[in-house]
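Undergrad: Encoded as structure tokens, here's the structure I'll be asking about.
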Amino acid sequence: MSSKTILVVDDSKTIRNLVSFILQSEGIPVVTAENGLDGLEKLYSTQNIALILTDINMPRMDGFSFIAAIREQEIYKDIPIIILSTEGEEDDMQKGMNLGANLYMVKPAQPERMVRNIKMLLG
Ligand SMILES: [Mg+2]
């Protein structure tokens, strides 16, 4: 599992650093991106990305467009995607899940719970 890298996409440097710290403390390698476009670039250029954790509200390309762009590609149709958003609204959750996200977590998520969910989706 240590070779499986997680892509963390969020426009907040604080969130990127926090989530990276939590995952790296578990021995999980992390790559970060600042928005959906940056996230796609990192996804294409990084080996072994096994799961994607993404924010929704981001400049240039938001999380919804990012998820849609990933899921329309055959090779990424099964990669687990977790949405980590400040928006706890039912509509946003439904939209994210309809686009192909596997899980929706509301910030601030408990670190233990986030790690447990990630490990579950990594299998
Ligand atoms: Mg944001």
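Chains: A, B, ... in order of the structure tokens. Residues: from 1 per chain. Ligands: from 1, in order shown.
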Could you give me, as a ChimeraX atom specification, the residues within 6 Å of Ala68 in chain A, counting only C-alpha atoms and dropping anything in the same chain fewer than 3 positions from it?
TA: /A:65,71,99
Undergrad: Would you mind listing what lies within 6 Å of Leu53 in chain A as a ChimeraX atom specification, with only C-alpha atoms counted and same-chain residues fewer than 4 positions away left out?
TA: /A:8,81-83
Undergrad: Considering only C-alpha atoms and all ligand atoms, state which residue in the set A:Leu84, A:Val30, A:Ile52, A:Met58 is at the smallest distance from ligand 1.
TA: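 With only C-alpha atoms and all ligand atoms as the atom set, the closest residue is A:Met58.
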Undergrad: Write as number ranges by chain the residues around ligand 1, taking 10 Å as the cut-off and counting only C-alpha atoms and all ligand atoms.
TA: A: 9-13, 15, 34-35, 54-59, 62-63, 84-87
Undergrad: Create the file for the chosen residues now, containing all heavy atoms and written as a short mmCIF file (atom, residue, chain, number, x, y, z; two decimals), in the first residue's frame.
TA:
```cif
data_model
loop_
_atom_site.label_atom_id
_atom_site.label_comp_id
_atom_site.auth_asym_id
_atom_site.auth_seq_id
_atom_site.Cartn_x
_atom_site.Cartn_y
_atom_site.Cartn_z
N VAL A 9 -6.31 17.40 -4.19
CA VAL A 9 -6.57 18.60 -5.00
C VAL A 9 -7.42 19.59 -4.21
O VAL A 9 -8.56 19.30 -3.85
CB VAL A 9 -7.30 18.22 -6.31
CG1 VAL A 9 -7.42 19.44 -7.22
CG2 VAL A 9 -6.58 17.08 -7.02
N ASP A 10 -6.83 20.73 -3.90
CA ASP A 10 -7.55 21.76 -3.13
C ASP A 10 -6.86 23.10 -3.36
O ASP A 10 -5.63 23.16 -3.40
CB ASP A 10 -7.53 21.39 -1.63
CG ASP A 10 -8.63 22.11 -0.86
OD1 ASP A 10 -8.69 23.36 -0.92
OD2 ASP A 10 -9.43 21.45 -0.19
N ASP A 11 -7.62 24.18 -3.51
CA ASP A 11 -7.00 25.48 -3.72
C ASP A 11 -6.48 26.09 -2.43
O ASP A 11 -5.74 27.08 -2.46
CB ASP A 11 -7.96 26.46 -4.43
CG ASP A 11 -9.25 26.68 -3.67
OD1 ASP A 11 -9.77 25.71 -3.08
OD2 ASP A 11 -9.75 27.82 -3.67
N SER A 12 -6.86 25.51 -1.30
CA SER A 12 -6.35 25.99 -0.02
C SER A 12 -5.05 25.30 0.35
O SER A 12 -4.98 24.08 0.49
CB SER A 12 -7.39 25.74 1.09
OG SER A 12 -6.76 25.78 2.36
N LYS A 13 -3.98 26.10 0.48
CA LYS A 13 -2.67 25.55 0.84
C LYS A 13 -2.74 24.92 2.22
O LYS A 13 -2.11 23.89 2.48
CB LYS A 13 -1.63 26.68 0.83
CG LYS A 13 -0.20 26.21 0.95
CD LYS A 13 0.75 27.34 0.57
CE LYS A 13 2.18 26.83 0.38
NZ LYS A 13 2.95 26.88 1.63
N ILE A 15 -5.31 23.40 3.63
CA ILE A 15 -5.92 22.08 3.53
C ILE A 15 -4.96 21.08 2.88
O ILE A 15 -4.81 19.95 3.34
CB ILE A 15 -7.25 22.13 2.72
CG1 ILE A 15 -8.29 22.98 3.45
CG2 ILE A 15 -7.79 20.72 2.46
CD1 ILE A 15 -8.86 22.36 4.71
N GLU A 34 -3.49 22.37 -7.14
CA GLU A 34 -4.21 23.55 -6.65
C GLU A 34 -5.61 23.73 -7.22
O GLU A 34 -6.38 24.56 -6.75
CB GLU A 34 -3.39 24.80 -6.96
CG GLU A 34 -2.05 24.82 -6.26
CD GLU A 34 -1.23 26.05 -6.61
OE1 GLU A 34 -1.78 27.01 -7.20
OE2 GLU A 34 -0.03 26.05 -6.29
N ASN A 35 -5.91 23.00 -8.30
CA ASN A 35 -7.25 23.11 -8.92
C ASN A 35 -7.43 21.92 -9.86
O ASN A 35 -6.52 21.10 -10.01
CB ASN A 35 -7.38 24.45 -9.67
CG ASN A 35 -6.31 24.64 -10.72
OD1 ASN A 35 -6.20 23.86 -11.66
ND2 ASN A 35 -5.49 25.67 -10.55
N THR A 54 -10.57 15.29 -3.61
CA THR A 54 -10.71 16.61 -4.22
C THR A 54 -11.73 17.53 -3.55
O THR A 54 -12.76 17.08 -3.05
CB THR A 54 -11.06 16.48 -5.73
OG1 THR A 54 -11.09 17.79 -6.32
CG2 THR A 54 -12.41 15.82 -5.95
N ASP A 55 -11.38 18.79 -3.56
CA ASP A 55 -12.25 19.88 -3.14
C ASP A 55 -13.27 20.12 -4.27
O ASP A 55 -13.11 19.59 -5.38
CB ASP A 55 -11.36 21.12 -2.95
CG ASP A 55 -12.08 22.34 -2.43
OD1 ASP A 55 -13.14 22.18 -1.78
OD2 ASP A 55 -11.59 23.46 -2.67
N ILE A 56 -14.31 20.88 -4.00
CA ILE A 56 -15.26 21.26 -5.06
C ILE A 56 -15.00 22.69 -5.53
O ILE A 56 -14.75 22.93 -6.71
CB ILE A 56 -16.72 21.13 -4.57
CG1 ILE A 56 -17.09 19.66 -4.39
CG2 ILE A 56 -17.68 21.80 -5.56
CD1 ILE A 56 -17.05 18.84 -5.67
N ASN A 57 -15.05 23.64 -4.62
CA ASN A 57 -14.88 25.04 -5.01
C ASN A 57 -13.40 25.39 -5.21
O ASN A 57 -12.65 25.52 -4.24
CB ASN A 57 -15.50 25.96 -3.95
CG ASN A 57 -16.99 25.78 -3.86
OD1 ASN A 57 -17.68 25.73 -4.89
ND2 ASN A 57 -17.50 25.63 -2.66
N MET A 58 -13.03 25.54 -6.49
CA MET A 58 -11.65 25.87 -6.84
C MET A 58 -11.67 26.73 -8.10
O MET A 58 -12.57 26.58 -8.94
CB MET A 58 -10.84 24.60 -7.14
CG MET A 58 -10.70 23.65 -5.97
SD MET A 58 -9.73 22.19 -6.38
CE MET A 58 -10.89 21.26 -7.39
N PRO A 59 -10.68 27.63 -8.26
CA PRO A 59 -10.61 28.45 -9.48
C PRO A 59 -10.15 27.61 -10.68
O PRO A 59 -9.60 26.52 -10.49
CB PRO A 59 -9.55 29.50 -9.13
CG PRO A 59 -8.70 28.86 -8.09
CD PRO A 59 -9.62 27.95 -7.31
N ASP A 62 -13.31 23.54 -11.34
CA ASP A 62 -13.82 23.10 -10.03
C ASP A 62 -13.84 21.57 -9.94
O ASP A 62 -13.53 20.86 -10.91
CB ASP A 62 -15.18 23.72 -9.73
CG ASP A 62 -16.30 23.17 -10.60
OD1 ASP A 62 -16.13 22.16 -11.29
OD2 ASP A 62 -17.40 23.77 -10.56
N GLY A 63 -14.22 21.10 -8.75
CA GLY A 63 -14.19 19.66 -8.51
C GLY A 63 -15.17 18.88 -9.36
O GLY A 63 -14.89 17.74 -9.75
N LEU A 84 -13.87 16.19 -0.71
CA LEU A 84 -13.71 16.78 0.61
C LEU A 84 -14.08 18.25 0.45
O LEU A 84 -13.34 19.03 -0.11
CB LEU A 84 -12.25 16.63 1.07
CG LEU A 84 -11.92 17.04 2.50
CD1 LEU A 84 -12.71 16.23 3.51
CD2 LEU A 84 -10.42 16.89 2.77
N SER A 85 -15.29 18.59 0.90
CA SER A 85 -15.81 19.93 0.63
C SER A 85 -16.37 20.60 1.87
O SER A 85 -16.79 19.93 2.81
CB SER A 85 -16.90 19.84 -0.44
OG SER A 85 -17.45 21.11 -0.68
N THR A 86 -16.36 21.92 1.87
CA THR A 86 -16.96 22.65 2.98
C THR A 86 -18.48 22.67 2.83
O THR A 86 -19.21 22.92 3.78
CB THR A 86 -16.48 24.12 3.01
OG1 THR A 86 -16.51 24.64 1.70
CG2 THR A 86 -15.08 24.20 3.58
N GLU A 87 -18.93 22.43 1.59
CA GLU A 87 -20.37 22.45 1.32
C GLU A 87 -20.99 21.12 1.75
O GLU A 87 -20.66 20.09 1.22
CB GLU A 87 -20.66 22.67 -0.17
CG GLU A 87 -19.85 23.77 -0.82
CD GLU A 87 -20.14 25.13 -0.23
OE1 GLU A 87 -21.30 25.37 0.15
OE2 GLU A 87 -19.21 25.94 -0.12
#
```
Undergrad: Skip Asp78 in chain A itself and residues of its chain fewer than 4 positions away, then list as a PDB file with N, CA, C and O atoms, in the first residue's frame all residues within 12 Å of it, counting only C-alpha atoms.
TA:
```
ATOM      1  N   ILE A  49      -0.953   6.648  -9.012  1.00  0.00           N
ATOM      2  CA  ILE A  49      -2.009   7.349  -8.272  1.00  0.00           C
ATOM      3  C   ILE A  49      -3.172   6.374  -8.120  1.00  0.00           C
ATOM      4  O   ILE A  49      -3.727   5.880  -9.097  1.00  0.00           O
ATOM      5  N   ALA A  50      -3.484   6.073  -6.849  1.00  0.00           N
ATOM      6  CA  ALA A  50      -4.469   5.026  -6.553  1.00  0.00           C
ATOM      7  C   ALA A  50      -5.791   5.592  -6.066  1.00  0.00           C
ATOM      8  O   ALA A  50      -6.793   4.872  -6.003  1.00  0.00           O
ATOM      9  N   LEU A  51      -5.806   6.870  -5.697  1.00  0.00           N
ATOM     10  CA  LEU A  51      -7.025   7.481  -5.159  1.00  0.00           C
ATOM     11  C   LEU A  51      -6.900   8.999  -5.275  1.00  0.00           C
ATOM     12  O   LEU A  51      -5.803   9.543  -5.186  1.00  0.00           O
ATOM     13  N   ILE A  52      -8.035   9.643  -5.478  1.00  0.00           N
ATOM     14  CA  ILE A  52      -8.051  11.097  -5.603  1.00  0.00           C
ATOM     15  C   ILE A  52      -8.961  11.694  -4.537  1.00  0.00           C
ATOM     16  O   ILE A  52     -10.086  11.231  -4.328  1.00  0.00           O
ATOM     17  N   ILE A  67     -13.928  15.891 -11.744  1.00  0.00           N
ATOM     18  CA  ILE A  67     -14.419  14.510 -11.630  1.00  0.00           C
ATOM     19  C   ILE A  67     -14.978  14.027 -12.973  1.00  0.00           C
ATOM     20  O   ILE A  67     -14.693  12.909 -13.416  1.00  0.00           O
ATOM     21  N   ILE A  70     -12.221  13.141 -15.356  1.00  0.00           N
ATOM     22  CA  ILE A  70     -11.555  11.877 -15.001  1.00  0.00           C
ATOM     23  C   ILE A  70     -12.415  10.697 -15.444  1.00  0.00           C
ATOM     24  O   ILE A  70     -11.951   9.769 -16.106  1.00  0.00           O
ATOM     25  N   ARG A  71     -13.691  10.752 -15.092  1.00  0.00           N
ATOM     26  CA  ARG A  71     -14.579   9.605 -15.323  1.00  0.00           C
ATOM     27  C   ARG A  71     -14.884   9.342 -16.797  1.00  0.00           C
ATOM     28  O   ARG A  71     -15.274   8.248 -17.164  1.00  0.00           O
ATOM     29  N   GLU A  72     -14.681  10.364 -17.649  1.00  0.00           N
ATOM     30  CA  GLU A  72     -14.949  10.124 -19.067  1.00  0.00           C
ATOM     31  C   GLU A  72     -13.794   9.388 -19.743  1.00  0.00           C
ATOM     32  O   GLU A  72     -13.890   9.034 -20.912  1.00  0.00           O
ATOM     33  N   GLN A  73     -12.718   9.154 -18.999  1.00  0.00           N
ATOM     34  CA  GLN A  73     -11.574   8.425 -19.545  1.00  0.00           C
ATOM     35  C   GLN A  73     -11.591   6.985 -19.037  1.00  0.00           C
ATOM     36  O   GLN A  73     -11.598   6.752 -17.829  1.00  0.00           O
ATOM     37  N   GLU A  74     -11.573   6.055 -19.980  1.00  0.00           N
ATOM     38  CA  GLU A  74     -11.689   4.631 -19.668  1.00  0.00           C
ATOM     39  C   GLU A  74     -10.694   4.161 -18.593  1.00  0.00           C
ATOM     40  O   GLU A  74     -11.073   3.434 -17.675  1.00  0.00           O
ATOM     41  N   GLY A 100     -19.727  10.517 -10.367  1.00  0.00           N
ATOM     42  CA  GLY A 100     -18.855   9.349 -10.222  1.00  0.00           C
ATOM     43  C   GLY A 100     -17.958   9.340  -9.007  1.00  0.00           C
ATOM     44  O   GLY A 100     -17.073   8.495  -8.897  1.00  0.00           O
ATOM     45  N   ALA A 101     -18.166  10.270  -8.067  1.00  0.00           N
ATOM     46  CA  ALA A 101     -17.383  10.225  -6.832  1.00  0.00           C
ATOM     47  C   ALA A 101     -17.834   9.021  -6.012  1.00  0.00           C
ATOM     48  O   ALA A 101     -18.990   8.599  -6.096  1.00  0.00           O
ATOM     49  N   ASN A 102     -16.914   8.450  -5.224  1.00  0.00           N
ATOM     50  CA  ASN A 102     -17.239   7.287  -4.403  1.00  0.00           C
ATOM     51  C   ASN A 102     -17.709   7.668  -3.009  1.00  0.00           C
ATOM     52  O   ASN A 102     -18.416   6.914  -2.350  1.00  0.00           O
ATOM     53  N   LEU A 121     -11.249   2.374   0.662  1.00  0.00           N
ATOM     54  CA  LEU A 121     -11.385   2.505  -0.801  1.00  0.00           C
ATOM     55  C   LEU A 121     -10.145   2.002  -1.537  1.00  0.00           C
ATOM     56  O   LEU A 121     -10.248   1.571  -2.689  1.00  0.00           O
ATOM     57  N   LEU A 122      -9.001   2.029  -0.877  1.00  0.00           N
ATOM     58  CA  LEU A 122      -7.786   1.501  -1.513  1.00  0.00           C
ATOM     59  C   LEU A 122      -7.813  -0.022  -1.535  1.00  0.00           C
ATOM     60  O   LEU A 122      -7.149  -0.651  -2.334  1.00  0.00           O
TER      61      LEU A 122
END
```
